[in-house]
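Comments concern the structure below.
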Number of protein chains: 2
Amino acid sequence: MGHRENPRPGGRSARVQAAVHQSVREMLSKMDRADVTIPLIAQRANVTPSTIYRRWGDLQELLADVAASRLQPEGEPARIGSAREDLEAWVEQYADEMASGVGRQMLRDVLATIDGANAEKCSGYTQQQLCVLIARARENGEPFPSLGELMDHLISPIIYRILFDQAFDAGYARELVARVMRKSNA
Amino acid sequence: MGHRENPRPGGRSARVQAAVHQSVREMLSKMDRADVTIPLIAQRANVTPSTIYRRWGDLQELLADVAASRLQPEGEPARIGSAREDLEAWVEQYADEMASGVGRQMLRDVLATIDGANAEKCSGYTQQQLCVLIARARENGEPFPSLGELMDHLISPIIYRILFDQAFDAGYARELVARVMRKSNA
DNA sequence: TTCACTAACGCAAATTATTTGCTTTTGTGC
DNA sequence: GCACAAAAGCAAATAATTTGCGTTAGTGAA
């Protein structure tokens, strides 16, 4: 039986997963990443290392799993006013979160695993959020970029800069929004 | 003295680096990635494991180092005809290379390390190539997108798709070129 | 409720990887 | 050639990972 996707809530499997995830989050916030090892995580979570090895395989996959679950958005994008304003506010928060030290590291963890399941999941979260904004714009009859345009010309440049460059300022995100809106309205 | 940047050519340090890099490349092409370990690499390269540990730290950093050096372009973009044609040809090759199994893995290796030096280096390679194309366009008086536009609206979407999605077809790159050229000419 | 069944866990021994102190080699500048 | 320093080799100590086997806990049927 797959344990990763649907551990029955309240079961032993779910308890172990929760304990391990929490242990990882605590350690990542308190210690240097190089000092986070599976035996230590296991100790804090009150499980044996072999349990973690059997369930996740290695540290990278465990970190990717934790990172993916942390990258899941809490709720829907805030309602500010127009769809464009909602988008601007959402992008600012998204960019800040991803560009922070923790965010960068989560991105890297998610991308480091061999199978792209976690990465795909994260991209899916982003697309869901954008779809909500698109739906709102449609309800209001506001012109709005398509999901493809938003992913290609707003999300992609932000993530690329975060991953490959060091430089990333807040105003840049606003500029991208302006550009993608302008283009969509033309 | 820093050994990573300027090992004097022909020195012992350079020989070890070459042997280790070659050993890694061979193993990555022949075996499953999970079976590539530092002791094995060391054995093939005729060095002791401790040499690798001291120089690179861990497997991730070594793989990132090797990947970064493999991502360095061989020469200048080919001259086909107009700057736009040159760009189209270059992007096609770039996208194919990055989207291949080996390319994806190299990207992930480069991004996995904590300090972004290798990632920055790779982005720098890409920008150098694009600058050559931009310079050619300027010489010919052809209209052409700026480096920023090319990075944001051509390179970023390609890399994002490769990293986060599975789907990536060749025609998509051409479409992006058309879009970024259209925009630049407007 | 009980009972049989199975997935997941704990434990501990065996294996493998990593770290480290010390010695030796090799290339560089005098 | 000689002295110096950086990097490599070696081997012992430590730490992480794998694995076989016994145990526990949740699940579903009677």
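Order determines the names: the first chain of the structure tokens is A, the second B, and so forth; residues in each chain are numbered 1 upward, and ligands are numbered 1 upward as they are shown.
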
Open item on the list: If we count only C-alpha atoms (C1' of nucleotides) and set the cut-off at 8 Å, which residues sit around stretch 60-65 of chain B, ignoring sequence neighbours fewer than 6 positions away in its own chain? Please answer as an MDAnalysis selection string.
Closed with: chainID B and resid 24 106 109:113 118

TODO: Mind checking which residues fall within 10 Å of B:Ala167, counting only C-alpha atoms (C1' of nucleotides), ignoring those fewer than 4 positions away in the same chain, and posting them as a list in words?
DONE: Ala99, Arg161 and Ile162 of chain B

With a cut-off of 8 Å, could you pull out the residues of chain D touching chain B and give me the nearest pair of atoms for each, distance in Å to one decimal, using only C-alpha atoms (C1' of nucleotides), ordered by chain and ascending number, as a tab-separated table?
```
residue	atom	partner	partner_atom	distance
D:DA6	C1'	B:Met1	CA	7.4
D:DA7	C1'	B:Ser13	CA	7.1
D:DA8	C1'	B:Thr51	CA	6.4
D:DG9	C1'	B:Thr48	CA	6.9
```

TODO: Considering only C-alpha atoms (C1' of nucleotides), return as a ChimeraX atom specification whatever protein or nucleic-acid residues lie within 7 Å of A:Phe164, sequence-local ones (same chain, fewer than 5 positions apart) excluded.
DONE: /B:116,119-120,123

Residues from the last selection, N, CA and C atoms, saved as an mmCIF file, in the first residue's frame:
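Once everything was written out, this is result.cif:
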```cif
data_model
loop_
_atom_site.group_PDB
_atom_site.id
_atom_site.type_symbol
_atom_site.label_atom_id
_atom_site.label_comp_id
_atom_site.auth_asym_id
_atom_site.auth_seq_id
_atom_site.Cartn_x
_atom_site.Cartn_y
_atom_site.Cartn_z
ATOM 1 N N GLY B 116 25.563 29.417 -4.393
ATOM 2 C CA GLY B 116 25.063 29.453 -5.762
ATOM 3 C C GLY B 116 26.135 29.708 -6.809
ATOM 4 N N ALA B 119 25.694 27.691 -10.053
ATOM 5 C CA ALA B 119 24.499 28.096 -10.782
ATOM 6 C C ALA B 119 24.743 29.433 -11.483
ATOM 7 N N GLU B 120 25.352 30.352 -10.747
ATOM 8 C CA GLU B 120 25.637 31.662 -11.317
ATOM 9 C C GLU B 120 26.554 31.528 -12.528
ATOM 10 N N SER B 123 24.500 30.370 -15.530
ATOM 11 C CA SER B 123 23.698 31.464 -16.067
ATOM 12 C C SER B 123 24.597 32.439 -16.826
#
```

Open item on the list: Residues of chain C within 9 Å of chain B, counting only C-alpha atoms (C1' of nucleotides), what are they? List them as a list in words.
Closed with: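 Every residue of chain C that passes the 9 Å test is in DA17, DT18, DT19, DT26 and DG27 of chain C.
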
Task: Nearest to chain A, chosen from B:Asp86, B:Glu26, B:Asp32, B:Asp96, with only C-alpha atoms counted in the distances - done: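 Counting only C-alpha atoms, the residue closest to chain A is B:Asp32.
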